[in-house]
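Asker: This is the structure I want to talk about, given as structure tokens.
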Amino acid sequence: MFNLVPDIGIDLGTATVLVYVRGKGIVLREPSVVAINRDTGQIIAVGEEARRMLGRTPGNIVAVRPLREGVIADYDVTEKMLRYFLDKAGCRRFFFKPRVMVCIPAGVTGVEERAVRQATLQAGARQAHVIEEPMAAALGAGLDISEPSGSMVVDIGGGTTDVAVLSLGGIVCATSLRVGGDKFDEAIVRYIRREYNLIIGERTAEELKIEIGTAFPEATIERSTKVRGRDVITGLPRAVEMTSRHVWEAIQEPLQAVVGAVKEVLERTPPELAADLVYKGIILTGGGSLLRGMDKLLSSETELPAMLAEDPVSCVALGTGRALSMLDYLPRSGNHFRRVV
């Protein structure tokens, strides 16, 4: 009877939640934002509808992101958000509860991991499994990690960057950096305020990053656009012209942090596996890897080939789904794969 209930994989991202249902693929892709009435505690909106409210709500309504830097910042809101997404994915139609696998960053603490598992169970899962993001990203990218050969994955998400070298079905060495797309946005906000005395919101910064941002100016065409915000001195609305190079200058700090994490993992990689990476290269996954020139930057800094996965944004969600079908084969020892019933 339990086989009638499809397994579900969730990429519980800081910026976006993706839900994978076995047999259907990715059925839901929405921002991890919740709008709440401050007076009553009632949830007004979840997902895309709530994202449109960021920075635009009246005093009694606040749009919040319950996940910060890859981990749960507000347990109750996260549980309600998960319940909403599971219901929207069709779980309420089934008599039995589904098995759910959720990804977690490689460097989470035991407390942070338990919070994810308990929130998943409270949201309506029969069994809660967790898998580390680099493992899920590798599976979703179609890498054969069961072979005695090194594969390197760099997963740049909204809140974290996970870097790992995998071999024989496990993680050989890894690091998790609490730097991702959100830090890029914050850096752009600070830069524009410092250089132009203009205050913009993080949503505007994200749109600017997507439209003209670059990690490696030499590899991309120079673009420019107008950015609108509030003048620090006069308090009046104003617009300034921004170019790709300006955005590149703004995000240097988080970019160098990502490059540093990749180099650190390479320095700890055993020589035999490092030799494999010379021709296999680095696979980039996650929404942050879509920043123009990110592959060129890492290739330039490491002198290894770097390439985007086929569908970088969906890799982790697809990997959680594939991991559920491989429960008997994935390593259950160590930190790569854990389960709670």
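Just remember, in the structure tokens the first chain shown is A, the second B, etc., residues are 1-based per chain, and ligands are 1-based in the order shown.
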Show me, as a PyMOL selection string, the residues that have an atom within 12 Å of A:Val179 when counting only C-alpha atoms, minus same-chain residues fewer than 6 positions from it.
Answerer: chain A and resi 14+68-70+105+155-163+185-187+251+253-261+288
Asker: Please indicate the distance in Å from atom CA of A:Arg126 to atom CA of A:Val21, rounded to one decimal place.
Answerer: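 So the answer is 14.8 Å.
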Asker: I'd like to know which of A:Val262, A:Ser32, A:Ile72, A:Lys80 is closest to A:Val111, using only C-alpha atoms.
Answerer: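 Among A:Val262, A:Ser32, A:Ile72, A:Lys80, it is A:Ile72 that comes nearest to A:Val111.
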Asker: Using backbone DSSP assignments, extract all alpha helix (DSSP H) residues from stretch 171-316 of chain A; output them as JSON, numbers by chain.
Answerer: {"A": [181, 182, 183, 184, 185, 186, 187, 188, 189, 190, 191, 192, 193, 194, 195, 196, 202, 203, 204, 205, 206, 207, 208, 209, 210, 211, 212, 244, 245, 246, 247, 248, 249, 250, 252, 253, 254, 255, 256, 257, 258, 259, 260, 261, 262, 263, 264, 265, 266, 267, 268, 271, 272, 273, 274, 275, 276, 277, 278, 279, 280, 294, 295, 296, 297, 298, 299, 300, 301, 302, 315, 316]}
Asker: Tell me which of A:Asn197, A:Ser167, A:Thr78, A:Ser300 sits closest to A:Val116, counting only C-alpha atoms.
Answerer: A:Thr78
Asker: Show me, as a VMD selection string, the residues that have an atom within 6 Å of stretch 188-193 of chain A when counting only C-alpha atoms, minus same-chain residues fewer than 5 positions from it.
Answerer: chain A and resid 198 to 199 250
Asker: Please produce a file of the residues just selected, as a compact mmCIF listing (two decimals), in the first residue's frame, where the atoms kept are C-alpha atoms.
Answerer:
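Below is the file that was written, out_14.txt:
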# COMPACT_ATOMS: atom_id res chain seq x y z
CA LEU A 198 21.52 55.70 -3.36
CA ILE A 199 19.51 53.20 -1.33
CA ALA A 250 30.62 45.33 -6.04
Asker: Please identify all polymer residues within 8 Å of stretch 144-146 of chain A, counting only C-alpha atoms, omitting same-chain residues fewer than 2 positions from it, and present them as a compact mmCIF listing (two decimals) with N, CA and C atoms, in the first residue's frame.
Answerer:
# COMPACT_ATOMS: atom_id res chain seq x y z
N ALA A 138 25.50 16.33 -7.20
CA ALA A 138 26.23 15.40 -8.08
C ALA A 138 25.28 14.39 -8.72
N LEU A 139 24.35 13.85 -7.92
CA LEU A 139 23.38 12.89 -8.45
C LEU A 139 22.48 13.58 -9.48
N GLY A 142 23.92 14.10 -12.88
CA GLY A 142 24.17 12.89 -13.65
C GLY A 142 25.58 12.34 -13.52
N PRO A 148 35.58 4.62 -8.44
CA PRO A 148 36.75 5.09 -7.67
C PRO A 148 37.50 6.17 -8.43
N SER A 149 36.79 7.25 -8.72
CA SER A 149 37.34 8.35 -9.51
C SER A 149 36.80 9.65 -8.95
N GLY A 150 37.64 10.67 -8.90
CA GLY A 150 37.24 11.93 -8.29
C GLY A 150 36.32 12.77 -9.16
N SER A 151 35.30 13.34 -8.54
CA SER A 151 34.41 14.31 -9.19
C SER A 151 34.26 15.49 -8.26
N LEU A 166 33.97 14.09 -4.60
CA LEU A 166 33.28 12.84 -4.30
C LEU A 166 33.95 11.68 -5.01
N SER A 167 33.89 10.51 -4.37
CA SER A 167 34.41 9.28 -4.97
C SER A 167 33.82 8.09 -4.22
N LEU A 168 33.60 7.00 -4.93
CA LEU A 168 33.07 5.77 -4.33
C LEU A 168 31.79 6.01 -3.53
N GLY A 169 30.91 6.84 -4.06
CA GLY A 169 29.60 7.06 -3.43
C GLY A 169 29.62 7.91 -2.18
N GLY A 170 30.72 8.58 -1.89
CA GLY A 170 30.79 9.40 -0.69
C GLY A 170 31.57 10.68 -0.92
Asker: Just give me the gap between atom CA of A:Leu208 and atom CA of A:Asp182 in Å, one decimal is fine.
Answerer: 12.8 Å
Asker: Would you list, as a PyMOL selection string, the residues of stretch 136-176 of chain A that end up in strand (DSSP E) under DSSP run on this structure's backbone?
Answerer: chain A and resi 151-156+161-167+170-176
Asker: Could the residues in this selection be written to a file with N, CA and C atoms, as an mmCIF file, in the first residue's frame?
Answerer:
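part_19.cif written:
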data_model
loop_
_atom_site.group_PDB
_atom_site.id
_atom_site.type_symbol
_atom_site.label_atom_id
_atom_site.label_comp_id
_atom_site.auth_asym_id
_atom_site.auth_seq_id
_atom_site.Cartn_x
_atom_site.Cartn_y
_atom_site.Cartn_z
ATOM 1 N N SER A 151 35.301 13.343 -8.535
ATOM 2 C CA SER A 151 34.409 14.306 -9.193
ATOM 3 C C SER A 151 34.263 15.494 -8.261
ATOM 4 N N MET A 152 34.305 16.698 -8.820
ATOM 5 C CA MET A 152 34.192 17.905 -7.990
ATOM 6 C C MET A 152 32.935 18.671 -8.348
ATOM 7 N N VAL A 153 32.185 19.045 -7.301
ATOM 8 C CA VAL A 153 30.945 19.795 -7.472
ATOM 9 C C VAL A 153 31.039 21.086 -6.676
ATOM 10 N N VAL A 154 30.657 22.186 -7.305
ATOM 11 C CA VAL A 154 30.540 23.474 -6.622
ATOM 12 C C VAL A 154 29.087 23.916 -6.756
ATOM 13 N N ASP A 155 28.352 23.888 -5.635
ATOM 14 C CA ASP A 155 26.929 24.235 -5.641
ATOM 15 C C ASP A 155 26.771 25.615 -5.000
ATOM 16 N N ILE A 156 26.439 26.617 -5.822
ATOM 17 C CA ILE A 156 26.296 27.992 -5.338
ATOM 18 C C ILE A 156 24.809 28.307 -5.227
ATOM 19 N N THR A 161 27.400 28.192 -0.305
ATOM 20 C CA THR A 161 28.155 27.581 -1.394
ATOM 21 C C THR A 161 28.774 26.313 -0.844
ATOM 22 N N ASP A 162 28.448 25.186 -1.446
ATOM 23 C CA ASP A 162 28.995 23.895 -1.025
ATOM 24 C C ASP A 162 29.977 23.403 -2.073
ATOM 25 N N VAL A 163 31.169 23.074 -1.630
ATOM 26 C CA VAL A 163 32.224 22.577 -2.519
ATOM 27 C C VAL A 163 32.629 21.200 -2.018
ATOM 28 N N ALA A 164 32.672 20.206 -2.907
ATOM 29 C CA ALA A 164 33.009 18.851 -2.475
ATOM 30 C C ALA A 164 33.670 18.065 -3.587
ATOM 31 N N VAL A 165 34.556 17.171 -3.173
ATOM 32 C CA VAL A 165 35.123 16.162 -4.066
ATOM 33 C C VAL A 165 34.544 14.828 -3.641
ATOM 34 N N LEU A 166 33.969 14.092 -4.605
ATOM 35 C CA LEU A 166 33.279 12.842 -4.302
ATOM 36 C C LEU A 166 33.948 11.682 -5.014
ATOM 37 N N SER A 167 33.886 10.507 -4.374
ATOM 38 C CA SER A 167 34.409 9.281 -4.967
ATOM 39 C C SER A 167 33.820 8.095 -4.222
ATOM 40 N N GLY A 170 30.724 8.580 -1.890
ATOM 41 C CA GLY A 170 30.791 9.403 -0.692
ATOM 42 C C GLY A 170 31.572 10.679 -0.919
ATOM 43 N N ILE A 171 31.513 11.561 0.092
ATOM 44 C CA ILE A 171 32.232 12.828 0.031
ATOM 45 C C ILE A 171 33.613 12.638 0.648
ATOM 46 N N VAL A 172 34.654 12.880 -0.136
ATOM 47 C CA VAL A 172 36.030 12.715 0.343
ATOM 48 C C VAL A 172 36.454 13.929 1.151
ATOM 49 N N CYS A 173 36.254 15.105 0.594
ATOM 50 C CA CYS A 173 36.521 16.334 1.341
ATOM 51 C C CYS A 173 35.562 17.408 0.856
ATOM 52 N N ALA A 174 35.162 18.276 1.765
ATOM 53 C CA ALA A 174 34.150 19.274 1.418
ATOM 54 C C ALA A 174 34.247 20.464 2.354
ATOM 55 N N THR A 175 33.657 21.549 1.929
ATOM 56 C CA THR A 175 33.489 22.711 2.796
ATOM 57 C C THR A 175 32.176 23.388 2.429
ATOM 58 N N SER A 176 31.574 24.029 3.407
ATOM 59 C CA SER A 176 30.332 24.764 3.176
ATOM 60 C C SER A 176 30.552 26.198 3.625
#
Asker: With only C-alpha atoms as the counted atoms, please give the residues lying no more than 10 Å from A:Glu222, apart from itself and same-chain residues fewer than 4 positions off, as a list in words.
Answerer: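 Listed by chain and then number, they are Ile212, Gly213, Thr214, Pro217, Glu218, Thr243, Ser244 and Arg245 of chain A.
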